[in-house]
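Colleague: Got a structure for you, data_26.cif, holding mmCIF, C-alpha atoms.
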data_target
loop_
_atom_site.label_atom_id
_atom_site.label_comp_id
_atom_site.auth_asym_id
_atom_site.auth_seq_id
_atom_site.Cartn_x
_atom_site.Cartn_y
_atom_site.Cartn_z
CA MET K 119 -99.95 -62.71 13.51
CA THR K 120 -99.81 -64.37 16.92
CA SER K 121 -103.13 -64.31 18.74
CA ILE K 122 -104.84 -65.78 21.77
CA SER K 123 -108.15 -67.37 20.81
CA GLY K 124 -108.32 -64.99 17.86
CA ALA K 125 -107.32 -61.88 19.83
CA GLU K 126 -104.00 -60.32 18.84
CA MET K 127 -101.52 -59.89 21.69
CA VAL K 128 -100.58 -56.54 20.17
CA ASP K 129 -103.26 -54.55 18.37
CA TRP K 130 -101.03 -53.31 15.57
CA ASN K 131 -103.75 -51.31 13.86
CA LEU K 132 -104.46 -49.51 17.11
CA ALA K 133 -100.73 -48.78 17.49
CA VAL K 134 -100.69 -47.11 14.06
CA ALA K 135 -103.91 -45.20 14.77
CA THR K 136 -102.67 -44.02 18.16
CA ALA K 137 -99.31 -42.87 16.83
CA THR K 138 -100.75 -41.00 13.85
CA ARG K 139 -103.32 -39.32 16.11
CA LEU K 140 -100.77 -38.20 18.70
CA VAL K 141 -97.78 -37.32 16.54
CA ARG K 142 -97.15 -33.62 16.27
CA PRO K 143 -97.84 -31.97 12.91
CA GLY K 144 -94.85 -31.23 10.74
CA PRO K 145 -93.70 -27.80 9.57
CA GLU K 146 -95.90 -25.78 7.28
CA VAL K 147 -94.91 -26.54 3.70
CA GLY K 148 -96.77 -25.54 0.56
CA ARG K 149 -97.70 -28.15 -2.04
CA ASP K 150 -95.10 -27.00 -4.57
CA GLU K 151 -92.38 -26.83 -1.94
CA ALA K 152 -93.29 -30.29 -0.69
CA ARG K 153 -93.00 -31.73 -4.17
CA ALA K 154 -89.64 -30.04 -4.62
CA VAL K 155 -88.36 -31.44 -1.32
CA VAL K 156 -89.42 -34.98 -2.25
CA ALA K 157 -87.81 -34.74 -5.68
CA GLU K 158 -84.58 -33.34 -4.24
CA LEU K 159 -84.33 -36.04 -1.57
CA ARG K 160 -84.79 -38.77 -4.16
CA GLY K 161 -82.14 -37.19 -6.33
CA HIS K 162 -79.71 -36.85 -3.41
CA ALA K 163 -80.28 -40.51 -2.51
CA ARG K 164 -79.21 -41.56 -6.01
CA THR K 165 -76.20 -39.24 -5.95
CA SER K 166 -75.17 -40.41 -2.49
CA GLU K 167 -74.94 -44.02 -3.64
CA ARG K 168 -72.00 -43.25 -5.94
CA HIS K 169 -70.24 -41.05 -3.38
CA VAL K 170 -70.55 -43.64 -0.61
CA ARG K 171 -69.38 -46.53 -2.77
CA GLU K 172 -66.32 -44.61 -3.92
CA TYR K 173 -65.41 -43.47 -0.43
CA THR K 174 -65.98 -46.72 1.49
CA ARG K 175 -64.64 -49.10 -1.20
CA MET K 176 -66.97 -51.77 0.19
CA MET K 177 -68.08 -52.96 -3.25
CA PRO K 178 -65.97 -54.17 -6.19
CA GLU K 179 -65.88 -51.84 -9.17
CA GLY K 180 -68.85 -52.39 -11.45
CA LEU K 181 -70.75 -54.64 -9.04
CA VAL K 182 -74.49 -54.30 -9.55
CA LEU K 183 -76.70 -55.29 -6.62
CA PRO K 184 -80.49 -55.60 -6.47
CA ASP K 185 -81.92 -52.14 -6.00
CA THR K 186 -83.63 -51.15 -2.78
CA PRO K 187 -86.40 -48.56 -3.02
CA VAL K 188 -86.07 -45.05 -1.65
CA LEU K 189 -89.30 -43.99 0.07
CA VAL K 190 -89.78 -40.34 0.99
CA VAL K 191 -92.43 -40.53 3.72
CA ASP K 192 -94.25 -38.35 6.20
CA ARG K 193 -94.39 -39.12 9.91
CA ALA K 194 -97.39 -41.43 9.54
CA GLY K 195 -95.56 -43.34 6.81
CA TRP K 196 -92.56 -43.83 9.09
CA VAL K 197 -94.90 -45.15 11.81
CA LYS K 198 -96.49 -47.69 9.44
CA ALA K 199 -93.09 -48.93 8.26
CA ASN K 200 -91.80 -49.40 11.80
CA VAL K 201 -94.96 -51.12 13.02
CA ALA K 202 -94.48 -53.58 10.17
CA GLY K 203 -90.90 -54.10 11.30
CA PHE K 204 -91.86 -54.62 14.94
CA ARG K 205 -94.56 -57.04 13.89
CA ALA K 206 -92.10 -59.19 11.93
CA LEU K 207 -89.41 -59.16 14.63
CA LEU K 208 -91.73 -59.86 17.56
CA GLN K 209 -93.64 -62.71 15.97
CA PRO K 210 -91.44 -65.49 17.48
CA LEU K 211 -91.60 -63.92 20.96
CA LEU K 212 -95.35 -63.49 20.85
CA GLY K 213 -95.63 -67.08 19.68
CA LYS K 214 -93.89 -68.22 22.85
CA MET K 215 -96.22 -66.10 24.94
CA GLN K 216 -99.22 -67.62 23.17
CA ASP K 217 -98.00 -71.12 23.90
CA ARG K 218 -97.39 -70.23 27.54
CA ARG K 219 -100.86 -68.78 28.04
CA ALA K 220 -102.77 -71.34 25.99
CA GLY K 221 -105.47 -72.93 28.09
CA THR K 222 -105.28 -70.30 30.83
CA PRO K 223 -108.76 -69.37 32.11
CA GLY K 224 -109.84 -66.07 30.61
CA ALA K 225 -107.00 -66.08 28.09
CA ALA K 226 -109.17 -64.75 25.28
CA VAL K 227 -110.38 -61.77 27.32
CA LEU K 228 -106.94 -61.02 28.72
CA GLY K 229 -105.44 -61.28 25.26
CA ALA K 230 -107.92 -58.87 23.73
CA VAL K 231 -107.57 -56.29 26.51
CA GLY K 232 -103.81 -56.67 26.74
CA GLY K 233 -103.44 -56.34 22.97
CA LYS K 234 -105.24 -53.03 22.97
CA VAL K 235 -103.28 -51.71 25.94
CA THR K 236 -100.00 -52.71 24.33
CA GLY K 237 -101.12 -51.23 21.02
CA VAL K 238 -101.80 -47.87 22.67
CA GLU K 239 -98.48 -47.94 24.52
CA LEU K 240 -96.56 -48.77 21.34
CA GLY K 241 -98.42 -46.03 19.50
CA MET K 242 -97.47 -43.48 22.15
CA LEU K 243 -93.82 -44.48 21.88
CA LEU K 244 -93.84 -44.26 18.09
CA SER K 245 -95.56 -40.86 18.16
CA PHE K 246 -92.62 -39.56 20.21
CA LEU K 247 -90.04 -41.01 17.84
CA ALA K 248 -91.82 -40.19 14.59
CA SER K 249 -91.05 -36.48 14.82
CA ARG K 250 -87.35 -37.06 15.50
CA VAL K 251 -86.11 -39.58 12.95
CA LEU K 252 -84.62 -38.04 9.79
CA GLY K 253 -84.04 -41.25 7.90
CA GLN K 254 -83.72 -44.98 8.32
CA TYR K 255 -82.63 -48.03 6.37
CA GLU K 256 -85.44 -50.44 7.26
CA THR K 257 -84.17 -54.00 7.04
CA PHE K 258 -86.65 -56.36 8.68
CA ALA K 259 -90.19 -55.58 7.61
CA PRO K 260 -91.57 -57.60 4.69
CA ALA K 261 -92.41 -55.78 1.50
CA SER K 262 -96.01 -54.75 0.92
CA ARG K 263 -97.98 -52.78 -1.64
CA ASP K 264 -97.73 -49.59 0.43
CA LEU K 265 -94.14 -50.22 1.57
CA PRO K 266 -92.18 -51.94 -1.21
CA GLY K 267 -88.84 -53.54 -0.43
CA SER K 268 -85.88 -54.95 -2.30
CA VAL K 269 -86.62 -57.76 -4.73
CA ALA K 270 -83.87 -59.68 -2.95
CA GLY K 271 -85.99 -59.81 0.20
CA GLY K 272 -86.53 -56.82 2.43
CA GLY K 273 -84.74 -53.53 2.69
CA ARG K 274 -85.86 -50.00 1.94
CA LEU K 275 -84.47 -46.53 2.55
CA LEU K 276 -86.85 -44.20 4.38
CA LEU K 277 -86.38 -40.42 4.35
CA VAL K 278 -88.80 -38.54 6.62
CA ALA K 279 -89.32 -35.30 4.72
CA PRO K 280 -91.17 -33.23 7.40
CA ASN K 281 -88.46 -33.93 9.98
CA ILE K 282 -85.65 -33.05 7.59
CA VAL K 283 -87.33 -29.75 6.73
CA HIS K 284 -88.01 -29.05 10.42
CA VAL K 285 -84.38 -29.58 11.45
CA GLU K 286 -82.85 -27.63 8.57
CA ARG K 287 -85.07 -24.68 9.48
CA GLU K 288 -84.34 -25.01 13.18
CA LEU K 289 -80.57 -25.07 12.56
CA GLU K 290 -80.78 -22.33 9.92
CA VAL K 291 -78.47 -24.21 7.56
CA ASN K 292 -78.43 -24.46 3.78
CA PRO K 293 -81.37 -26.80 3.06
CA HIS K 294 -79.87 -28.32 -0.09
CA ASP K 295 -76.60 -29.12 1.69
CA PHE K 296 -78.41 -30.51 4.73
CA ARG K 297 -80.62 -32.81 2.66
CA LEU K 298 -77.60 -34.26 0.85
CA TRP K 299 -75.74 -34.64 4.15
CA VAL K 300 -78.62 -36.65 5.63
CA CYS K 301 -78.82 -38.81 2.50
CA LEU K 302 -75.11 -39.61 2.74
CA HIS K 303 -75.62 -41.01 6.25
CA GLU K 304 -78.63 -43.13 5.30
CA GLU K 305 -77.07 -44.30 2.04
CA THR K 306 -74.09 -45.56 4.05
CA HIS K 307 -76.48 -47.80 5.98
CA ARG K 308 -77.96 -49.09 2.73
CA THR K 309 -74.44 -49.83 1.46
CA GLN K 310 -73.58 -51.65 4.69
CA PHE K 311 -76.48 -54.06 4.32
CA THR K 312 -76.31 -54.54 0.56
CA ALA K 313 -72.53 -55.01 0.43
CA VAL K 314 -72.39 -57.34 3.45
CA PRO K 315 -74.89 -60.15 2.74
CA TRP K 316 -74.63 -61.81 6.15
CA LEU K 317 -75.20 -58.63 8.18
CA ARG K 318 -79.00 -58.60 8.16
CA ASP K 319 -79.36 -62.25 9.19
CA HIS K 320 -76.70 -61.84 11.88
CA LEU K 321 -78.42 -58.87 13.51
CA GLU K 322 -81.83 -60.51 13.26
CA GLY K 323 -80.40 -63.62 14.92
CA GLU K 324 -78.97 -61.55 17.77
CA ILE K 325 -82.28 -59.76 18.24
CA GLN K 326 -84.17 -63.06 18.29
CA THR K 327 -81.70 -64.43 20.84
CA PHE K 328 -82.31 -61.34 22.97
CA LEU K 329 -86.08 -61.72 22.73
CA GLY K 330 -85.88 -65.48 23.30
CA ALA K 331 -84.20 -64.87 26.65
CA THR K 332 -87.12 -62.74 27.84
CA GLU K 333 -88.50 -63.96 31.14
CA MET K 334 -92.13 -64.86 30.61
CA ASP K 335 -93.06 -65.03 34.28
CA PRO K 336 -95.20 -61.89 34.78
CA SER K 337 -94.23 -61.55 38.45
CA THR K 338 -90.53 -61.48 37.53
CA VAL K 339 -91.10 -58.88 34.83
CA LEU K 340 -93.14 -56.73 37.21
CA GLU K 341 -90.41 -56.96 39.84
CA ARG K 342 -87.78 -55.80 37.37
CA LEU K 343 -90.00 -52.93 36.22
CA ARG K 344 -90.56 -51.97 39.87
CA GLU K 345 -86.81 -51.91 40.46
CA ALA K 346 -86.37 -49.80 37.34
CA ALA K 347 -88.96 -47.28 38.49
CA GLN K 348 -87.43 -47.08 41.97
CA SER K 349 -83.99 -46.57 40.49
CA PHE K 350 -85.11 -43.60 38.41
CA THR K 351 -87.23 -42.02 41.13
CA GLY K 352 -84.52 -42.34 43.76
CA ALA K 353 -86.58 -44.62 45.99
CA ARG K 354 -83.75 -47.14 46.22
CA PRO K 355 -80.50 -46.34 48.06
CA ASP K 356 -77.53 -45.55 45.80
CA ALA K 357 -75.84 -48.79 46.79
CA GLU K 358 -78.75 -50.79 45.38
CA ARG K 359 -79.13 -49.00 42.05
CA GLY K 360 -76.48 -50.83 40.08
CA GLU K 361 -74.95 -49.02 37.13
CA ASP K 362 -75.80 -45.34 36.85
CA GLY K 363 -77.46 -44.08 33.71
CA ARG K 364 -78.96 -47.36 32.56
CA SER K 365 -82.16 -47.05 30.59
CA LEU K 366 -85.47 -48.69 31.42
CA VAL K 367 -84.81 -51.19 28.64
CA GLU K 368 -81.47 -52.20 30.16
CA LEU K 369 -82.82 -52.52 33.67
CA VAL K 370 -85.36 -55.19 32.78
CA GLN K 371 -82.83 -57.53 31.15
CA THR K 372 -81.73 -60.96 32.21
CA PRO K 373 -77.97 -61.70 32.45
CA GLU K 374 -78.11 -63.57 29.13
CA GLN K 375 -79.79 -60.60 27.49
CA ARG K 376 -77.08 -58.26 28.76
CA GLU K 377 -74.48 -60.37 26.96
CA VAL K 378 -76.45 -60.18 23.73
CA LEU K 379 -77.02 -56.46 24.23
CA GLY K 380 -73.28 -55.94 24.55
CA ARG K 381 -72.76 -57.50 21.12
CA LEU K 382 -75.67 -55.57 19.62
CA THR K 383 -74.42 -52.32 21.13
CA ALA K 384 -70.99 -52.87 19.58
CA ALA K 385 -72.51 -53.69 16.18
CA MET K 386 -74.83 -50.68 16.21
CA SER K 387 -72.01 -48.41 17.36
CA LEU K 388 -69.99 -49.61 14.39
CA LEU K 389 -72.83 -49.07 11.90
CA GLU K 390 -73.82 -45.64 13.20
CA GLY K 391 -70.25 -44.47 13.68
CA HIS K 392 -69.29 -45.65 10.21
CA ALA K 393 -72.23 -43.72 8.72
CA ASP K 394 -71.20 -40.55 10.56
CA TYR K 395 -67.56 -41.01 9.50
CA VAL K 396 -68.56 -41.46 5.84
CA MET K 397 -71.00 -38.55 5.73
CA ASP K 398 -68.32 -36.23 7.10
CA GLY K 399 -65.59 -37.75 4.93
CA VAL K 400 -67.56 -37.31 1.73
CA GLY K 401 -69.01 -34.02 2.88
CA PRO K 402 -66.18 -31.56 2.11
CA GLN K 403 -66.20 -32.56 -1.57
CA VAL K 404 -69.96 -32.35 -2.14
CA VAL K 405 -71.48 -30.45 0.81
CA PRO K 406 -69.89 -26.97 0.97
CA SER K 407 -71.32 -26.10 4.41
CA VAL K 408 -70.63 -29.49 6.03
CA ALA K 409 -68.55 -28.02 8.89
CA GLU K 410 -71.35 -25.65 9.91
CA ILE K 411 -73.97 -28.39 9.61
CA ARG K 412 -71.96 -30.85 11.72
CA GLU K 413 -71.29 -28.30 14.48
CA LYS K 414 -74.92 -27.21 14.75
CA PHE K 415 -76.24 -30.76 14.49
CA GLN K 416 -73.93 -32.00 17.25
CA GLN K 417 -75.11 -29.20 19.51
CA ARG K 418 -78.71 -30.17 18.79
CA ARG K 419 -78.02 -33.84 19.54
CA ALA K 420 -76.38 -32.96 22.84
CA SER K 421 -79.02 -30.49 24.05
CA GLY K 422 -82.22 -32.34 23.20
CA ALA K 423 -85.48 -30.38 23.25
CA GLY K 424 -86.33 -29.68 26.85
CA ARG K 425 -86.65 -31.50 30.16
CA LEU K 426 -89.44 -33.87 29.11
CA ASP K 427 -87.60 -34.80 25.93
CA ALA K 428 -84.38 -35.45 27.88
CA THR K 429 -86.23 -37.61 30.43
CA LEU K 430 -87.89 -39.72 27.75
CA ARG K 431 -84.61 -40.11 25.89
CA LYS K 432 -82.96 -41.40 29.03
CA LEU K 433 -85.77 -43.82 29.87
CA LEU K 434 -85.93 -45.18 26.32
CA GLY K 435 -82.18 -45.53 26.02
CA LEU K 436 -81.87 -42.90 23.27
CA ASP K 437 -78.94 -41.28 25.07
CA ALA K 438 -77.13 -44.57 24.61
CA LYS K 439 -77.81 -44.30 20.88
CA LEU K 440 -76.20 -40.87 20.83
CA ARG K 441 -73.12 -42.39 22.47
CA GLN K 442 -73.12 -45.04 19.75
CA TYR K 443 -72.69 -42.35 17.11
CA ARG K 444 -69.80 -40.76 19.00
CA ASP K 445 -67.99 -43.90 20.14
CA GLY K 446 -68.47 -45.69 16.83
CA GLU K 447 -67.16 -42.75 14.82
CA ARG K 448 -64.07 -42.59 17.02
CA PHE K 449 -63.49 -46.32 16.48
CA VAL K 450 -63.77 -46.05 12.70
CA ARG K 451 -61.55 -42.97 12.55
CA ALA K 452 -58.85 -44.55 14.71
CA VAL K 453 -58.81 -47.81 12.73
CA VAL K 454 -58.68 -46.04 9.36
CA GLU K 455 -55.79 -43.90 10.61
CA GLN K 456 -53.88 -47.05 11.62
CA VAL K 457 -54.59 -49.46 8.76
CA GLY K 458 -56.36 -47.45 6.05
CA MET K 459 -59.82 -47.96 4.56
CA GLU K 460 -59.01 -51.37 3.12
CA GLY K 461 -57.72 -52.49 6.51
CA PHE K 462 -60.83 -51.18 8.22
CA ASN K 463 -63.05 -53.04 5.75
CA ARG K 464 -61.90 -56.32 7.24
CA VAL K 465 -64.56 -55.58 9.82
CA TRP K 466 -67.14 -56.77 7.27
CA THR K 467 -65.51 -60.20 6.75
CA SER K 468 -67.73 -62.15 9.16
CA PRO K 469 -69.57 -61.79 12.48
CA ASN K 470 -66.32 -62.76 14.21
CA THR K 471 -64.47 -59.74 12.83
CA LEU K 472 -67.04 -57.29 14.19
CA PRO K 473 -65.60 -55.33 17.14
CA THR K 474 -66.57 -56.23 20.66
CA LYS K 475 -67.99 -53.60 22.97
CA ALA K 476 -64.56 -53.33 24.64
CA GLU K 477 -62.85 -52.95 21.27
CA ILE K 478 -65.14 -50.06 20.30
CA ALA K 479 -63.55 -48.20 23.21
CA ARG K 480 -60.05 -49.51 22.39
CA PRO K 481 -59.68 -49.63 18.59
CA ALA K 482 -56.04 -50.73 18.82
CA ASP K 483 -57.20 -54.00 20.39
CA TRP K 484 -59.38 -54.73 17.36
CA VAL K 485 -56.50 -53.92 15.01
CA ALA K 486 -54.21 -56.23 16.97
CA ARG K 487 -56.74 -59.06 16.99
CA VAL K 488 -57.82 -58.93 13.37
CA HIS K 489 -54.67 -57.73 11.62
CA ARG K 490 -52.05 -59.48 13.71
CA LYS K 491 -53.66 -62.84 13.14
CA GLY K 492 -54.61 -62.19 9.54
CA SER K 493 -56.84 -64.99 8.39
CA GLU K 494 -56.69 -66.43 11.90
CA GLY K 495 -58.29 -63.25 13.20
CA SER K 496 -61.72 -64.79 12.91
CA GLU K 497 -61.45 -66.10 16.47
CA ARG K 498 -62.44 -63.62 19.14
CA GLU K 499 -60.40 -63.53 22.29
#
Represent the structure from my file as structure tokens, please.

Modeller:
Amino acid sequence: MTSISGAEMVDWNLAVATATRLVRPGPEVGRDEARAVVAELRGHARTSERHVREYTRMMPEGLVLPDTPVLVVDRAGWVKANVAGFRALLQPLLGKMQDRRAGTPGAAVLGAVGGKVTGVELGMLLSFLASRVLGQYETFAPASRDLPGSVAGGGRLLLVAPNIVHVERELEVNPHDFRLWVCLHEETHRTQFTAVPWLRDHLEGEIQTFLGATEMDPSTVLERLREAAQSFTGARPDAERGEDGRSLVELVQTPEQREVLGRLTAAMSLLEGHADYVMDGVGPQVVPSVAEIREKFQQRRASGAGRLDATLRKLLGLDAKLRQYRDGERFVRAVVEQVGMEGFNRVWTSPNTLPTKAEIARPADWVARVHRKGSEGSERE
């Protein structure tokens, strides 16, 4: 990993240690019950694969793709997997920072201290998220002995058992139905990436473009962070705040990064909305209490878990992620209603047939662009 004179710019081990130390304990579950939950989640993941394939029609009949492992993990396991993903994604950016600082007086000391500070900060962030994520299709982290991936190169389905049990108890829903419902959502993500070979590389390229546009000048970064803090504390007049509701992440972007973020936002809205659409579309046939689960889960998403939780969600941009679920699902539903599932599946043809951020809000524009032009629809307007 990138280092300055041998000192890592991010102390990844400290990030893992900090997160696992700070993360809240999961619900009380006996050993036998825990084993039963793990076994059921693995079984539901296998069952979900068939349901999702049949419903989405994204894969030709009989097509066999390289398997991706299903890992039922605890909160610490989720932290380790995501640290590995961050480490892989950030390596090019940290390499640029190393080159920029090379030869700077005191670089070794600054690198060592800064790496530990950043490691603690990352660990604190992950400790917050680790108790909230139900599942995740992890696409970027390399395979390891502890975290195996697809033999085709990366990719694993994570199901965070303590969080699933916590939420099903909190919502007072049928646990067997809820576990299958969650697996349907995550299996849709696995299908998206396995059935669309270019998708992973496209998203990674966009992320690297976003990171590559990061301003390395510390004074510029500090100024943007200062503006962000003033915006959220109300220290700046309303006329100077810019767009309302922007997260801390958005407020420290360069203009080039905002363009990339627009494309990434549209892509993630599509992926999350499609997963929600599929889980609810399959649900009535295999999840008897799907209507109750969806209603209670939507209320939970909207309410959050208190003032501190709501504040952190806003600062981290998690409210924007919730909008991605809603806006993306509306886009998918509207397109399927107009042109059917096969017509919607043209979205997976190439990066150029992905919807723009504006088209997510106006599905008819995407239909007009892609379907009116047919094979010529690969050019974005």

Colleague: Evaluate the PyMOL selection byres ((chain K and resi 451-455) around 12) and record the selected residues as a compact mmCIF listing (two decimals) with C-alpha atoms, in the frame of the given file, following the chain and residue labels used in the document.

Modeller:
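Produced file result.txt, reproduced below:
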# COMPACT_ATOMS: atom_id res chain seq x y z
CA THR K 174 -65.98 -46.72 1.49
CA LEU K 388 -69.99 -49.61 14.39
CA GLY K 391 -70.25 -44.47 13.68
CA HIS K 392 -69.29 -45.65 10.21
CA ALA K 393 -72.23 -43.72 8.72
CA ASP K 394 -71.20 -40.55 10.56
CA TYR K 395 -67.56 -41.01 9.50
CA VAL K 396 -68.56 -41.46 5.84
CA ASP K 398 -68.32 -36.23 7.10
CA GLY K 399 -65.59 -37.75 4.93
CA ARG K 444 -69.80 -40.76 19.00
CA ASP K 445 -67.99 -43.90 20.14
CA GLY K 446 -68.47 -45.69 16.83
CA GLU K 447 -67.16 -42.75 14.82
CA ARG K 448 -64.07 -42.59 17.02
CA PHE K 449 -63.49 -46.32 16.48
CA VAL K 450 -63.77 -46.05 12.70
CA GLN K 456 -53.88 -47.05 11.62
CA VAL K 457 -54.59 -49.46 8.76
CA GLY K 458 -56.36 -47.45 6.05
CA MET K 459 -59.82 -47.96 4.56
CA GLU K 460 -59.01 -51.37 3.12
CA GLY K 461 -57.72 -52.49 6.51
CA PHE K 462 -60.83 -51.18 8.22
CA ASN K 463 -63.05 -53.04 5.75
CA ARG K 464 -61.90 -56.32 7.24
CA VAL K 465 -64.56 -55.58 9.82
CA PRO K 473 -65.60 -55.33 17.14
CA GLU K 477 -62.85 -52.95 21.27
CA ILE K 478 -65.14 -50.06 20.30
CA ALA K 479 -63.55 -48.20 23.21
CA ARG K 480 -60.05 -49.51 22.39
CA PRO K 481 -59.68 -49.63 18.59
CA ALA K 482 -56.04 -50.73 18.82
CA ASP K 483 -57.20 -54.00 20.39
CA TRP K 484 -59.38 -54.73 17.36
CA VAL K 485 -56.50 -53.92 15.01
CA ALA K 486 -54.21 -56.23 16.97
CA VAL K 488 -57.82 -58.93 13.37
CA HIS K 489 -54.67 -57.73 11.62

Colleague: Please write the residues picked by the PyMOL selection byres ((chain K and resi 293) around 12) on this file as a list of chain:residue names.

Modeller: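 With the PyMOL selection byres ((chain K and resi 293) around 12) on this model, the match is K:Ala154, K:Val155, K:Glu158, K:Leu159, K:Ala279, K:Ile282, K:Val283, K:His284, K:Val285, K:Glu286, K:Arg287, K:Glu288, K:Leu289, K:Glu290, K:Val291, K:Asn292, K:His294, K:Asp295, K:Phe296, K:Arg297, K:Leu298, K:Trp299, K:Val300, K:Val405, K:Pro406, K:Ser407, K:Val408, K:Ile411.
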
Colleague: Using all atoms listed in the file, which of the listed residues (K:Phe258, K:Thr136, K:Thr467, K:Arg274) sits closest to Gln209 (chain K)?

Modeller: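 For Gln209 (chain K), the nearest of the candidates is K:Phe258.
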
Colleague: Rounded to one decimal in Å, what is the spacing between CA of Ala135 (chain K) and CA of Gly203 (chain K)?

Modeller: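 Interatomic distance, CA of Ala135 (chain K) to CA of Gly203 (chain K): 16.1 Å.
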
Colleague: Let me make sure I understand: among K:Arg171, K:Arg193, K:His162, K:Arg205, which one has the smallest atom-to-atom distance to Val128 (chain K) if we use only C-alpha atoms?

Modeller: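 Closest candidate: K:Arg205.
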
Colleague: Would you work out the distance separating CA of Gly273 (chain K) from CA of Cys301 (chain K), expressed in Å to one decimal?

Modeller: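 So the answer is 15.9 Å.
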
Colleague: Interatomic distance between CA of Glu377 (chain K) and CA of Ser468 (chain K)?

Modeller: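 Between CA of Glu377 (chain K) and CA of Ser468 (chain K) the gap works out to 19.1 Å.
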
Colleague: Up to 8 Å from (-92.0, -41.5, 1.0) in the file's coordinates: name the residues, counting all atoms listed in the file, as an MDAnalysis selection string.

Modeller: chainID K and resid 156 188:192 195 276:279

Colleague: Using the file's own x, y and z axes, what box holds all listed atoms of region 130-135 of chain K with 8 Å on each side, keeping edges along x, y and z, and what are its centre and edge lengths in Å to one decimal, as lines of an AutoDock Vina configuration file?

Modeller:
center_x = -102.6
center_y = -49.3
center_z = 15.7
size_x = 19.8
size_y = 24.1
size_z = 19.6

Colleague: Neighbouring residues of Phe311 (chain K) were defined as those with any atom within 9 Å, considering all atoms listed in the file; residues of the same chain fewer than 4 positions away were excluded. Please report them as a PyMOL selection string.

Modeller: chain K and resi 255+257+273+306-307+315-318

Colleague: Just the residues within 12 Å of Glu167 (chain K), please, counting only C-alpha atoms, with nothing from its chain fewer than 3 positions along; format it as a PyMOL selection string.

Modeller: chain K and resi 160-164+170-177+182-183+185-186+188+275+298+301-310+312-313+396-397+400

Colleague: Given only C-alpha atoms as the basis, pick out the residue of K:Ala409, K:Pro210, K:Ala385, K:Glu390 nearest to Thr327 (chain K).

Modeller: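 Looking at the shortest contact to Thr327 (chain K), the residue is K:Pro210.
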
Colleague: Can you list what the PyMOL selection byres ((chain K and resi 240) around 10) grabs from this structure, as a PyMOL selection string?

Modeller: chain K and resi 128-130+132-134+136-137+201+204+234-239+241-245
